[in-house]
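These notes are about the structure you will find just below.
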Amino acid sequence: MLGTLDNGLLAIEELHRFPNTPVRVLDSLHWDALRLFHEITHGLAIAGRERRVELDGIGVDTWGVDFALLAADGSLCGNPRHYRDNRNNGMLEELLRIVPREEIFAQTGIQFMQINSLVQIAHWNRRGRS
């Protein structure tokens, strides 16, 4: 998507659409991070080369349900797990036994769903970083 401001009005235009299909590896579900990177850079190339747009910035939004860990050099520490990965099953309930719902909401303001990054991080921290 390309967003532009004109006299205080935001206009949004689709420049490049691509499928976002998770990848199953043994019993885990992952994002295809390299494919996503390729497609995002392709969209940026369309903006720059074809449209001659000078970008002021870029952004990526996961809607609060996924994350990727990066090393100091910017490389991926591992392929990110997909929010629908079965490792999340039961983790929300486990998290709520440790941290009260009211405290989580006061700190984060998030909805309580097992797909949230907080639940995934709780799993990662509690059961080993896999």
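Identifiers in the structure tokens: chain A, B, ... in order shown; residue index from 1 per chain; ligand index from 1 in order shown.
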
Exercise. Name the residues of chain A that come out as strand (DSSP E or B) in a backbone DSSP run; write them as a ChimeraX atom specification.
Key: /A:2-6,9-13,23-25,28-30,70,76,81

Would you save the residues of that selection, restricted to N, CA and C atoms, as a JSON list (two decimals), in the first residue's frame?
[["chain", "number", "residue", "atom", "x", "y", "z"],
["A", 2, "LEU", "N", 0.47, 2.22, -0.74],
["A", 2, "LEU", "CA", 1.17, 3.50, -0.76],
["A", 2, "LEU", "C", 0.22, 4.53, -0.16],
["A", 3, "GLY", "N", 0.66, 5.16, 0.91],
["A", 3, "GLY", "CA", -0.14, 6.21, 1.53],
["A", 3, "GLY", "C", 0.49, 7.57, 1.25],
["A", 4, "THR", "N", -0.32, 8.52, 0.84],
["A", 4, "THR", "CA", 0.15, 9.88, 0.61],
["A", 4, "THR", "C", -0.78, 10.86, 1.29],
["A", 5, "LEU", "N", -0.19, 11.96, 1.73],
["A", 5, "LEU", "CA", -0.97, 13.04, 2.32],
["A", 5, "LEU", "C", -1.05, 14.19, 1.33],
["A", 6, "ASP", "N", -2.24, 14.67, 1.12],
["A", 6, "ASP", "CA", -2.46, 15.80, 0.23],
["A", 6, "ASP", "C", -3.43, 16.75, 0.93],
["A", 9, "LEU", "N", -5.29, 15.21, 3.79],
["A", 9, "LEU", "CA", -6.11, 14.03, 3.51],
["A", 9, "LEU", "C", -5.22, 12.85, 3.12],
["A", 10, "LEU", "N", -5.50, 11.71, 3.73],
["A", 10, "LEU", "CA", -4.74, 10.50, 3.44],
["A", 10, "LEU", "C", -5.37, 9.76, 2.27],
["A", 11, "ALA", "N", -4.55, 9.45, 1.28],
["A", 11, "ALA", "CA", -4.98, 8.62, 0.15],
["A", 11, "ALA", "C", -4.15, 7.33, 0.20],
["A", 12, "ILE", "N", -4.81, 6.20, -0.01],
["A", 12, "ILE", "CA", -4.13, 4.91, 0.03],
["A", 12, "ILE", "C", -4.36, 4.20, -1.30],
["A", 13, "GLU", "N", -3.27, 3.67, -1.83],
["A", 13, "GLU", "CA", -3.33, 2.98, -3.12],
["A", 13, "GLU", "C", -2.57, 1.66, -3.02],
["A", 23, "VAL", "N", 3.92, -21.78, 6.32],
["A", 23, "VAL", "CA", 4.66, -22.98, 5.93],
["A", 23, "VAL", "C", 4.70, -23.94, 7.13],
["A", 24, "ARG", "N", 4.29, -25.18, 6.90],
["A", 24, "ARG", "CA", 4.36, -26.19, 7.96],
["A", 24, "ARG", "C", 5.72, -26.86, 7.89],
["A", 25, "VAL", "N", 6.42, -26.90, 9.02],
["A", 25, "VAL", "CA", 7.69, -27.60, 9.15],
["A", 25, "VAL", "C", 7.52, -28.59, 10.31],
["A", 28, "SER", "N", 5.17, -27.73, 13.33],
["A", 28, "SER", "CA", 5.02, -26.30, 13.63],
["A", 28, "SER", "C", 4.67, -25.50, 12.38],
["A", 29, "LEU", "N", 4.01, -24.37, 12.60],
["A", 29, "LEU", "CA", 3.57, -23.51, 11.51],
["A", 29, "LEU", "C", 4.35, -22.20, 11.59],
["A", 30, "HIS", "N", 4.96, -21.81, 10.47],
["A", 30, "HIS", "CA", 5.83, -20.63, 10.41],
["A", 30, "HIS", "C", 5.37, -19.66, 9.33],
["A", 70, "LEU", "N", 15.28, -10.36, 16.10],
["A", 70, "LEU", "CA", 16.42, -10.00, 15.26],
["A", 70, "LEU", "C", 17.70, -9.98, 16.08],
["A", 76, "LEU", "N", 17.50, -12.46, 11.10],
["A", 76, "LEU", "CA", 16.51, -13.20, 11.86],
["A", 76, "LEU", "C", 17.19, -14.21, 12.78],
["A", 81, "ARG", "N", 7.30, -18.02, 14.13],
["A", 81, "ARG", "CA", 6.14, -18.90, 14.19],
["A", 81, "ARG", "C", 4.89, -18.13, 13.80]]

Quiz prompt | Contact residues around stretch 89-95 of chain A with only C-alpha atoms at 7 Å, ignoring same-chain residues under 4 positions, as an MDAnalysis selection string | solution = chainID A and resid 99 113:114 119 122:123

Exercise. Using DSSP on the backbone coordinates, identify the residues of chain A assigned to alpha helix (DSSP H); present them as a ChimeraX atom specification.
Key: /A:33-45,91-98,101-108,117-127

Could you turn the residues from that selection into a file that holds N, CA and C atoms, as a compact mmCIF listing (two decimals), in the first residue's frame?
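Heads up, here's the output in result-v6.txt:
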# COMPACT_ATOMS: atom_id res chain seq x y z
N ALA A 33 9.06 -16.02 6.00
CA ALA A 33 9.67 -14.70 6.16
C ALA A 33 10.48 -14.26 4.94
N LEU A 34 11.18 -15.18 4.33
CA LEU A 34 11.99 -14.79 3.16
C LEU A 34 11.10 -14.40 1.98
N ARG A 35 10.00 -15.13 1.78
CA ARG A 35 9.06 -14.78 0.71
C ARG A 35 8.43 -13.42 1.00
N LEU A 36 8.03 -13.19 2.25
CA LEU A 36 7.43 -11.90 2.62
C LEU A 36 8.42 -10.77 2.37
N PHE A 37 9.68 -10.97 2.75
CA PHE A 37 10.70 -9.95 2.51
C PHE A 37 10.84 -9.67 1.02
N HIS A 38 10.88 -10.73 0.23
CA HIS A 38 10.99 -10.58 -1.23
C HIS A 38 9.81 -9.76 -1.78
N GLU A 39 8.61 -10.10 -1.36
CA GLU A 39 7.42 -9.40 -1.88
C GLU A 39 7.37 -7.95 -1.40
N ILE A 40 7.75 -7.69 -0.18
CA ILE A 40 7.79 -6.30 0.32
C ILE A 40 8.80 -5.48 -0.47
N THR A 41 9.98 -6.04 -0.70
CA THR A 41 10.98 -5.29 -1.49
C THR A 41 10.51 -5.09 -2.93
N HIS A 42 9.75 -6.04 -3.45
CA HIS A 42 9.18 -5.87 -4.80
C HIS A 42 8.21 -4.68 -4.80
N GLY A 43 7.35 -4.61 -3.79
CA GLY A 43 6.42 -3.48 -3.68
C GLY A 43 7.15 -2.16 -3.54
N LEU A 44 8.23 -2.14 -2.78
CA LEU A 44 9.03 -0.91 -2.65
C LEU A 44 9.67 -0.53 -3.98
N ALA A 45 10.09 -1.54 -4.73
CA ALA A 45 10.67 -1.27 -6.05
C ALA A 45 9.63 -0.67 -6.99
N MET A 91 -2.20 -21.72 26.05
CA MET A 91 -1.25 -20.79 26.68
C MET A 91 -1.93 -19.57 27.29
N LEU A 92 -3.04 -19.11 26.74
CA LEU A 92 -3.71 -17.96 27.32
C LEU A 92 -4.18 -18.30 28.73
N GLU A 93 -4.76 -19.47 28.89
CA GLU A 93 -5.23 -19.90 30.21
C GLU A 93 -4.06 -20.03 31.18
N GLU A 94 -2.96 -20.57 30.71
CA GLU A 94 -1.77 -20.71 31.55
C GLU A 94 -1.23 -19.33 31.96
N LEU A 95 -1.19 -18.41 31.01
CA LEU A 95 -0.73 -17.06 31.31
C LEU A 95 -1.62 -16.38 32.35
N LEU A 96 -2.94 -16.55 32.21
CA LEU A 96 -3.88 -15.92 33.13
C LEU A 96 -3.81 -16.52 34.54
N ARG A 97 -3.27 -17.72 34.68
CA ARG A 97 -3.05 -18.27 36.01
C ARG A 97 -1.85 -17.61 36.68
N ILE A 98 -0.96 -17.02 35.88
CA ILE A 98 0.25 -16.40 36.41
C ILE A 98 0.06 -14.89 36.60
N ARG A 101 -5.80 -11.03 34.68
CA ARG A 101 -6.37 -10.41 33.49
C ARG A 101 -6.33 -8.88 33.59
N GLU A 102 -6.69 -8.34 34.75
CA GLU A 102 -6.74 -6.89 34.94
C GLU A 102 -5.36 -6.27 34.78
N GLU A 103 -4.33 -6.95 35.27
CA GLU A 103 -2.97 -6.42 35.15
C GLU A 103 -2.50 -6.43 33.69
N ILE A 104 -2.79 -7.51 32.99
CA ILE A 104 -2.42 -7.59 31.58
C ILE A 104 -3.10 -6.47 30.80
N PHE A 105 -4.40 -6.30 31.03
CA PHE A 105 -5.13 -5.27 30.30
C PHE A 105 -4.62 -3.87 30.65
N ALA A 106 -4.32 -3.63 31.92
CA ALA A 106 -3.82 -2.31 32.34
C ALA A 106 -2.48 -1.99 31.67
N GLN A 107 -1.65 -3.00 31.46
CA GLN A 107 -0.33 -2.79 30.87
C GLN A 107 -0.34 -2.77 29.35
N THR A 108 -1.27 -3.51 28.74
CA THR A 108 -1.22 -3.68 27.28
C THR A 108 -2.45 -3.16 26.54
N SER A 117 0.75 -11.74 20.49
CA SER A 117 2.18 -11.89 20.70
C SER A 117 2.51 -12.17 22.16
N LEU A 118 1.80 -11.52 23.08
CA LEU A 118 2.06 -11.73 24.50
C LEU A 118 1.94 -13.20 24.87
N VAL A 119 0.93 -13.86 24.36
CA VAL A 119 0.72 -15.28 24.65
C VAL A 119 1.84 -16.11 24.02
N GLN A 120 2.25 -15.75 22.82
CA GLN A 120 3.34 -16.46 22.16
C GLN A 120 4.65 -16.27 22.91
N ILE A 121 4.89 -15.06 23.40
CA ILE A 121 6.11 -14.80 24.17
C ILE A 121 6.08 -15.55 25.49
N ALA A 122 4.90 -15.64 26.10
CA ALA A 122 4.77 -16.41 27.34
C ALA A 122 5.14 -17.87 27.09
N HIS A 123 4.68 -18.42 25.97
CA HIS A 123 5.04 -19.80 25.62
C HIS A 123 6.54 -19.91 25.40
N TRP A 124 7.07 -18.99 24.67
CA TRP A 124 8.50 -18.98 24.35
C TRP A 124 9.32 -18.93 25.63
N ASN A 125 8.90 -18.11 26.57
CA ASN A 125 9.63 -17.95 27.83
C ASN A 125 9.44 -19.14 28.76
N ARG A 126 8.27 -19.70 28.78
CA ARG A 126 7.90 -20.74 29.74
C ARG A 126 8.37 -22.14 29.31
N ARG A 127 8.29 -22.43 28.04
CA ARG A 127 8.53 -23.80 27.57
C ARG A 127 9.82 -23.97 26.79
